[in-house]
Amino acid sequence: MAFFKREVGPVERFESTLRDRRAARQRQADRVSVVEGVVGEKRALAERLAVTGATADKLGRAETKLRAVEERAKVLRAELTEFDEQIASTERALADARAQRERDTLADQIEEMAAAIEQTAPGFGASAAALVDAVTKSSASVPEATRFSTSVDAVRREVLAAADLICWQLRSAAVRTRAGNANVAVDATAELEQLPDQDRQLIYTLNTLLWREGGEVRRAPAFALVELPKILLSVALRHQHVDYLNARRVQTLIHIHGSEGSHGEPSPDDPQLIDLDALAAEEESIRAHVA
């Protein structure tokens, strides 16, 4: 029967090394203590011989022995200092390994969250689609049911798009966490704190935009997540000024530019501003003219 040894991780290796080095340091400290005791004895002996007027030969031999043990003590103390340095280095490496283990654990948890969302999202989409089919496949036509179906379908698209985005953000956060990036604390869900209401949709801008709501002028930078009124969504999509969050190019642009805009909110006199209300009015005028 084959036995397999469990692979030892960096933390356990450094802990083992640290224990060994501390034990070796203690043994060295004991040797230093013994030698320093001998040095004390040799010094005391040389002092007595000198005080009692011993012969030059006796004093010479005593001094030679004293210098020998002093040199031995000096070497052992230097080795003890090396042990201290090795222990300090190992302690730093152990602290780094423990911090990396904690980062890896957190990154694994983040990736598990992303995987759980990905596994659950299709079930939500299928259930929402079934609700829509219950209305659209019926031979009866009821305005209230039609409005309900339209709302459910819009929510389905928004939730699935938001799920794609948050999974991408979570995996990016996991990579940053594993690498020890200081910016890992960025809350990947802050931008998706709540889904837009039924009259608005979370969308990604490709250009700087301007529109009006309730008498207030709203502006959004390029490459940002915004809640755009659905009445303007179709015209913005047709003119390629926005795209859905689950679009492949949007995921690439978020990776490059982020989701808050590359230059903040545009100024009112920005020549790049696209007036969505003007575009919508222009399309309506063309349709009326053709009719």
# chains A, B, ... in the order shown; residues from 1 in each chain; ligands from 1
$ closest_atom_pairs --of "stretch 57-90 of chain A" --to "stretch 13-22 of chain A" --cutoff "8 Å" --atoms "only C-alpha atoms" --output "tab-separated table"
residue	atom	partner	partner_atom	distance
A:Phe83	CA	A:Arg21	CA	7.0
A:Gln86	CA	A:Arg21	CA	7.6
A:Ile87	CA	A:Arg21	CA	6.3
A:Thr90	CA	A:Leu18	CA	6.1
$ write_last_selection --atoms "N, CA, C and O atoms" --output "compact mmCIF listing (two decimals), in the first residue's frame"
# COMPACT_ATOMS: atom_id res chain seq x y z
N PHE A 83 23.09 33.71 14.19
CA PHE A 83 21.84 33.01 14.49
C PHE A 83 20.71 34.02 14.69
O PHE A 83 19.58 33.81 14.22
N GLN A 86 19.62 35.27 11.33
CA GLN A 86 18.87 34.24 10.61
C GLN A 86 17.46 34.10 11.16
O GLN A 86 16.49 33.95 10.40
N ILE A 87 17.33 34.17 12.48
CA ILE A 87 16.01 34.06 13.10
C ILE A 87 15.14 35.24 12.71
O ILE A 87 13.95 35.09 12.37
N THR A 90 14.02 34.74 9.17
CA THR A 90 13.00 33.70 9.08
C THR A 90 11.66 34.19 9.62
O THR A 90 10.60 33.86 9.07
$ residues_around --residues "stretch 94-110 of chain A" --least-positions-apart "2" --cutoff "10 Å" --atoms "only C-alpha atoms" --output "ChimeraX atom specification"
/A:9-15,17-18,88-92,112-116,167,169-181
$ residues_around --residues "stretch 56-68 of chain A" --least-positions-apart "3" --cutoff "9 Å" --atoms "only C-alpha atoms" --output "JSON, numbers by chain"
{"A": [38, 39, 40, 41, 42, 43, 45, 46, 49, 50, 53, 71, 72, 73]}
$ write_last_selection --atoms "all heavy atoms" --output "compact mmCIF listing (two decimals), in the first residue's frame"
# COMPACT_ATOMS: atom_id res chain seq x y z
N VAL A 38 34.54 30.33 31.49
CA VAL A 38 35.96 29.96 31.46
C VAL A 38 36.83 31.20 31.35
O VAL A 38 37.88 31.31 32.00
CB VAL A 38 36.23 28.98 30.30
CG1 VAL A 38 37.74 28.69 30.19
CG2 VAL A 38 35.46 27.68 30.49
N VAL A 39 36.38 32.17 30.52
CA VAL A 39 37.14 33.42 30.38
C VAL A 39 37.26 34.10 31.74
O VAL A 39 38.33 34.60 32.13
CB VAL A 39 36.45 34.36 29.37
CG1 VAL A 39 37.07 35.76 29.42
CG2 VAL A 39 36.57 33.80 27.96
N GLY A 40 36.15 34.12 32.48
CA GLY A 40 36.20 34.74 33.81
C GLY A 40 37.19 34.04 34.73
O GLY A 40 37.93 34.70 35.48
N GLU A 41 37.20 32.71 34.65
CA GLU A 41 38.12 31.96 35.50
C GLU A 41 39.57 32.23 35.11
O GLU A 41 40.44 32.42 35.98
CB GLU A 41 37.82 30.46 35.38
CG GLU A 41 36.48 30.04 35.96
CD GLU A 41 36.15 28.60 35.67
OE1 GLU A 41 36.95 27.92 34.98
OE2 GLU A 41 35.08 28.12 36.12
N LYS A 42 39.85 32.26 33.80
CA LYS A 42 41.23 32.50 33.34
C LYS A 42 41.68 33.91 33.71
O LYS A 42 42.85 34.13 34.06
CB LYS A 42 41.31 32.31 31.81
CG LYS A 42 41.01 30.88 31.34
CD LYS A 42 42.01 29.88 31.89
CE LYS A 42 41.72 28.47 31.37
NZ LYS A 42 42.63 27.46 31.95
N ARG A 43 40.79 34.88 33.63
CA ARG A 43 41.15 36.24 34.01
C ARG A 43 41.45 36.31 35.51
O ARG A 43 42.42 36.98 35.94
CB ARG A 43 40.00 37.18 33.67
CG ARG A 43 39.92 37.54 32.20
CD ARG A 43 38.70 38.40 31.92
NE ARG A 43 38.64 38.76 30.50
CZ ARG A 43 37.57 39.33 29.94
NH1 ARG A 43 36.48 39.58 30.67
NH2 ARG A 43 37.59 39.63 28.65
N LEU A 45 42.50 33.89 37.39
CA LEU A 45 43.77 33.21 37.64
C LEU A 45 44.94 34.09 37.27
O LEU A 45 45.93 34.21 38.03
CB LEU A 45 43.80 31.90 36.85
CG LEU A 45 45.13 31.10 36.95
CD1 LEU A 45 45.41 30.73 38.40
CD2 LEU A 45 45.06 29.87 36.05
N ALA A 46 44.89 34.72 36.10
CA ALA A 46 45.98 35.59 35.67
C ALA A 46 46.15 36.75 36.64
O ALA A 46 47.28 37.16 36.95
CB ALA A 46 45.70 36.10 34.25
N LEU A 49 47.94 35.44 39.84
CA LEU A 49 49.36 35.21 39.58
C LEU A 49 50.13 36.52 39.53
O LEU A 49 51.26 36.62 40.05
CB LEU A 49 49.53 34.45 38.26
CG LEU A 49 49.06 32.98 38.29
CD1 LEU A 49 49.15 32.38 36.89
CD2 LEU A 49 49.90 32.15 39.27
N ALA A 50 49.52 37.52 38.90
CA ALA A 50 50.21 38.81 38.81
C ALA A 50 50.33 39.47 40.17
O ALA A 50 51.38 40.04 40.52
CB ALA A 50 49.44 39.72 37.85
N GLY A 53 52.97 37.85 42.42
CA GLY A 53 54.34 37.92 41.92
C GLY A 53 54.83 36.65 41.29
O GLY A 53 55.99 36.26 41.49
N GLU A 71 39.46 34.56 22.52
CA GLU A 71 39.25 34.45 21.06
C GLU A 71 38.12 33.46 20.76
O GLU A 71 37.30 33.71 19.86
CB GLU A 71 40.55 34.01 20.39
CG GLU A 71 40.49 34.00 18.87
CD GLU A 71 40.23 35.38 18.28
OE1 GLU A 71 40.61 36.39 18.92
OE2 GLU A 71 39.64 35.45 17.18
N ARG A 72 38.11 32.35 21.51
CA ARG A 72 37.03 31.37 21.31
C ARG A 72 35.68 31.99 21.64
O ARG A 72 34.70 31.80 20.91
CB ARG A 72 37.29 30.15 22.22
CG ARG A 72 36.21 29.09 22.19
CD ARG A 72 36.00 28.53 20.81
NE ARG A 72 35.01 27.47 20.82
CZ ARG A 72 34.40 27.03 19.73
NH1 ARG A 72 34.67 27.58 18.54
NH2 ARG A 72 33.53 26.05 19.81
N ALA A 73 35.62 32.75 22.73
CA ALA A 73 34.37 33.42 23.11
C ALA A 73 33.95 34.43 22.05
O ALA A 73 32.76 34.56 21.72
CB ALA A 73 34.54 34.11 24.46
$ select_by_dssp --residues "stretch 40-278 of chain A" --states "strand (DSSP E)" --output "PyMOL selection string"
chain A and resi 200-205+209-213+216-220+225-229+242-243+274-275
$ write_last_selection --atoms "N, CA, C and O atoms" --output "tab-separated table (two decimals), in the first residue's frame"
chain	number	residue	atom	x	y	z
A	200	ARG	N	-35.43	52.92	-15.80
A	200	ARG	CA	-34.02	53.20	-16.05
A	200	ARG	C	-33.28	51.88	-16.22
A	200	ARG	O	-33.75	50.84	-15.77
A	201	GLN	N	-32.13	51.93	-16.86
A	201	GLN	CA	-31.33	50.71	-17.04
A	201	GLN	C	-29.86	51.04	-16.85
A	201	GLN	O	-29.35	52.05	-17.33
A	202	LEU	N	-29.19	50.13	-16.12
A	202	LEU	CA	-27.75	50.25	-15.94
A	202	LEU	C	-27.07	49.90	-17.25
A	202	LEU	O	-27.29	48.83	-17.81
A	203	ILE	N	-26.24	50.80	-17.74
A	203	ILE	CA	-25.65	50.65	-19.06
A	203	ILE	C	-24.22	51.20	-19.01
A	203	ILE	O	-23.87	51.92	-18.07
A	204	TYR	N	-23.41	50.87	-19.99
A	204	TYR	CA	-22.02	51.34	-20.04
A	204	TYR	C	-21.86	52.32	-21.19
A	204	TYR	O	-22.23	52.02	-22.33
A	205	THR	N	-21.31	53.48	-20.91
A	205	THR	CA	-21.18	54.52	-21.93
A	205	THR	C	-19.92	54.31	-22.77
A	205	THR	O	-18.87	53.92	-22.25
A	209	LEU	N	-22.01	61.69	-22.62
A	209	LEU	CA	-23.43	61.83	-22.93
A	209	LEU	C	-24.07	62.95	-22.12
A	209	LEU	O	-23.62	63.30	-21.03
A	210	LEU	N	-25.17	63.48	-22.69
A	210	LEU	CA	-25.97	64.51	-22.03
A	210	LEU	C	-27.43	64.20	-22.27
A	210	LEU	O	-27.82	63.79	-23.36
A	211	TRP	N	-28.26	64.35	-21.22
A	211	TRP	CA	-29.70	64.20	-21.37
A	211	TRP	C	-30.37	64.98	-20.24
A	211	TRP	O	-29.70	65.51	-19.35
A	212	ARG	N	-31.68	65.05	-20.28
A	212	ARG	CA	-32.42	65.86	-19.31
A	212	ARG	C	-33.45	65.00	-18.60
A	212	ARG	O	-34.12	64.19	-19.23
A	213	GLU	N	-33.55	65.20	-17.29
A	213	GLU	CA	-34.54	64.48	-16.47
A	213	GLU	C	-35.17	65.46	-15.50
A	213	GLU	O	-34.46	66.09	-14.71
A	216	GLU	N	-33.67	68.76	-15.07
A	216	GLU	CA	-32.25	68.78	-14.70
A	216	GLU	C	-31.42	68.17	-15.82
A	216	GLU	O	-31.78	67.14	-16.40
A	217	VAL	N	-30.32	68.84	-16.14
A	217	VAL	CA	-29.41	68.33	-17.17
A	217	VAL	C	-28.46	67.33	-16.52
A	217	VAL	O	-27.82	67.62	-15.51
A	218	ARG	N	-28.38	66.14	-17.11
A	218	ARG	CA	-27.49	65.10	-16.62
A	218	ARG	C	-26.38	64.87	-17.63
A	218	ARG	O	-26.61	64.88	-18.84
A	219	ARG	N	-25.17	64.67	-17.12
A	219	ARG	CA	-24.03	64.38	-18.00
A	219	ARG	C	-23.29	63.16	-17.45
A	219	ARG	O	-23.22	62.96	-16.24
A	220	ALA	N	-22.77	62.36	-18.37
A	220	ALA	CA	-22.02	61.16	-17.98
A	220	ALA	C	-20.75	61.07	-18.81
A	220	ALA	O	-20.78	61.34	-20.02
A	225	LEU	N	-20.37	53.39	-15.82
A	225	LEU	CA	-21.68	52.80	-15.57
A	225	LEU	C	-22.67	53.91	-15.23
A	225	LEU	O	-22.40	54.72	-14.34
A	226	VAL	N	-23.78	53.97	-15.94
A	226	VAL	CA	-24.80	54.98	-15.66
A	226	VAL	C	-26.18	54.32	-15.74
A	226	VAL	O	-26.36	53.29	-16.38
A	227	GLU	N	-27.12	54.94	-15.05
A	227	GLU	CA	-28.51	54.52	-15.14
A	227	GLU	C	-29.20	55.45	-16.13
A	227	GLU	O	-29.49	56.61	-15.82
A	228	LEU	N	-29.43	54.94	-17.31
A	228	LEU	CA	-29.97	55.76	-18.39
A	228	LEU	C	-31.48	55.55	-18.49
A	228	LEU	O	-31.96	54.42	-18.41
A	229	PRO	N	-32.25	56.63	-18.63
A	229	PRO	CA	-33.70	56.47	-18.84
A	229	PRO	C	-33.98	55.57	-20.04
A	229	PRO	O	-33.36	55.74	-21.10
A	242	VAL	N	-23.68	53.65	-26.25
A	242	VAL	CA	-23.69	52.83	-25.04
A	242	VAL	C	-23.75	51.37	-25.46
A	242	VAL	O	-23.99	51.06	-26.62
A	243	ASP	N	-23.53	50.48	-24.48
A	243	ASP	CA	-23.70	49.05	-24.75
A	243	ASP	C	-24.03	48.35	-23.42
A	243	ASP	O	-23.80	48.89	-22.34
A	274	ILE	N	-22.55	64.14	-26.35
A	274	ILE	CA	-23.60	63.69	-27.26
A	274	ILE	C	-24.94	63.96	-26.58
A	274	ILE	O	-25.20	63.43	-25.49
A	275	ASP	N	-25.76	64.78	-27.20
A	275	ASP	CA	-27.07	65.13	-26.64
A	275	ASP	C	-28.08	64.05	-27.07
A	275	ASP	O	-28.54	64.03	-28.21
$ residues_around --residues "A:Ala281" --least-positions-apart "5" --cutoff "12 Å" --atoms "only C-alpha atoms" --output "list in words"
Trp211, Ile231, Leu232, Val235, Asp275, Leu276, Ile286, Arg287 and Ala288 of chain A
$ write_last_selection --atoms "all heavy atoms" --output "compact mmCIF listing (two decimals), in the first residue's frame"
# COMPACT_ATOMS: atom_id res chain seq x y z
N TRP A 211 -28.26 64.35 -21.22
CA TRP A 211 -29.70 64.20 -21.37
C TRP A 211 -30.37 64.98 -20.24
O TRP A 211 -29.70 65.51 -19.35
CB TRP A 211 -30.12 62.73 -21.36
CG TRP A 211 -29.97 62.03 -20.04
CD1 TRP A 211 -30.91 61.87 -19.07
CD2 TRP A 211 -28.78 61.38 -19.54
NE1 TRP A 211 -30.40 61.17 -18.01
CE2 TRP A 211 -29.09 60.86 -18.26
CE3 TRP A 211 -27.49 61.21 -20.05
CZ2 TRP A 211 -28.16 60.18 -17.50
CZ3 TRP A 211 -26.58 60.53 -19.28
CH2 TRP A 211 -26.91 60.02 -18.03
N ILE A 231 -36.30 55.49 -22.01
CA ILE A 231 -36.86 56.19 -23.17
C ILE A 231 -35.76 56.62 -24.13
O ILE A 231 -36.00 56.82 -25.32
CB ILE A 231 -37.71 57.40 -22.70
CG1 ILE A 231 -38.55 57.92 -23.86
CG2 ILE A 231 -36.82 58.50 -22.13
CD1 ILE A 231 -39.55 58.99 -23.43
N LEU A 232 -34.52 56.75 -23.59
CA LEU A 232 -33.38 57.15 -24.43
C LEU A 232 -32.46 55.98 -24.75
O LEU A 232 -31.51 56.14 -25.52
CB LEU A 232 -32.57 58.24 -23.72
CG LEU A 232 -33.30 59.56 -23.45
CD1 LEU A 232 -32.43 60.48 -22.60
CD2 LEU A 232 -33.67 60.24 -24.77
N VAL A 235 -32.23 54.78 -28.62
CA VAL A 235 -31.50 55.68 -29.51
C VAL A 235 -30.01 55.66 -29.21
O VAL A 235 -29.17 55.72 -30.11
CB VAL A 235 -32.08 57.12 -29.42
CG1 VAL A 235 -31.83 57.73 -28.05
CG2 VAL A 235 -31.46 58.01 -30.50
N ASP A 275 -25.76 64.78 -27.20
CA ASP A 275 -27.07 65.13 -26.64
C ASP A 275 -28.08 64.05 -27.07
O ASP A 275 -28.54 64.03 -28.21
CB ASP A 275 -27.50 66.51 -27.14
CG ASP A 275 -28.73 67.03 -26.40
OD1 ASP A 275 -29.54 66.20 -25.96
OD2 ASP A 275 -28.87 68.25 -26.29
N LEU A 276 -28.42 63.16 -26.14
CA LEU A 276 -29.33 62.08 -26.47
C LEU A 276 -30.74 62.58 -26.75
O LEU A 276 -31.46 62.02 -27.59
CB LEU A 276 -29.35 61.05 -25.33
CG LEU A 276 -28.04 60.30 -25.07
CD1 LEU A 276 -28.21 59.32 -23.92
CD2 LEU A 276 -27.58 59.56 -26.33
N ILE A 286 -37.65 62.67 -38.21
CA ILE A 286 -37.48 61.94 -39.48
C ILE A 286 -38.65 60.97 -39.69
O ILE A 286 -39.21 60.86 -40.79
CB ILE A 286 -36.14 61.20 -39.47
CG1 ILE A 286 -34.98 62.20 -39.53
CG2 ILE A 286 -36.07 60.23 -40.65
CD1 ILE A 286 -33.62 61.58 -39.39
N ARG A 287 -39.04 60.28 -38.61
CA ARG A 287 -40.15 59.34 -38.72
C ARG A 287 -41.46 60.06 -39.08
O ARG A 287 -42.25 59.60 -39.91
CB ARG A 287 -40.31 58.56 -37.40
CG ARG A 287 -39.32 57.44 -37.21
CD ARG A 287 -39.77 56.49 -36.12
NE ARG A 287 -39.81 57.18 -34.82
CZ ARG A 287 -38.78 57.22 -33.98
NH1 ARG A 287 -37.66 56.64 -34.31
NH2 ARG A 287 -38.91 57.84 -32.83
N ALA A 288 -41.67 61.21 -38.46
CA ALA A 288 -42.88 61.99 -38.75
C ALA A 288 -42.86 62.47 -40.18
O ALA A 288 -43.90 62.51 -40.88
CB ALA A 288 -42.99 63.16 -37.77
$ residues_around --residues "A:Val32" --least-positions-apart "3" --cutoff "12 Å" --atoms "only C-alpha atoms" --output "PyMOL selection string"
chain A and resi 25-29+35-39+69-81
$ residues_around --residues "A:Ala134" --least-positions-apart "5" --cutoff "10 Å" --atoms "only C-alpha atoms" --output "JSON, numbers by chain"
{"A": [128, 129, 145, 149]}
$ closest_residue --among "A:Leu245, A:Leu206, A:Ala222, A:Leu279" --to "A:Glu260" --atoms "only C-alpha atoms"
A:Ala222
$ closest_residue --among "A:Leu160, A:Ala93, A:Ala154, A:Ala280" --to "A:Ile117" --atoms "only C-alpha atoms"
A:Leu160
$ closest_residue --among "A:Val250, A:Leu233, A:Val142, A:Val135" --to "A:Ala161" --atoms "only C-alpha atoms"
A:Val250
$ atom_distance --atom1 "atom CA of A:Ser234" --atom2 "atom CA of A:Thr146"
19.2 Å
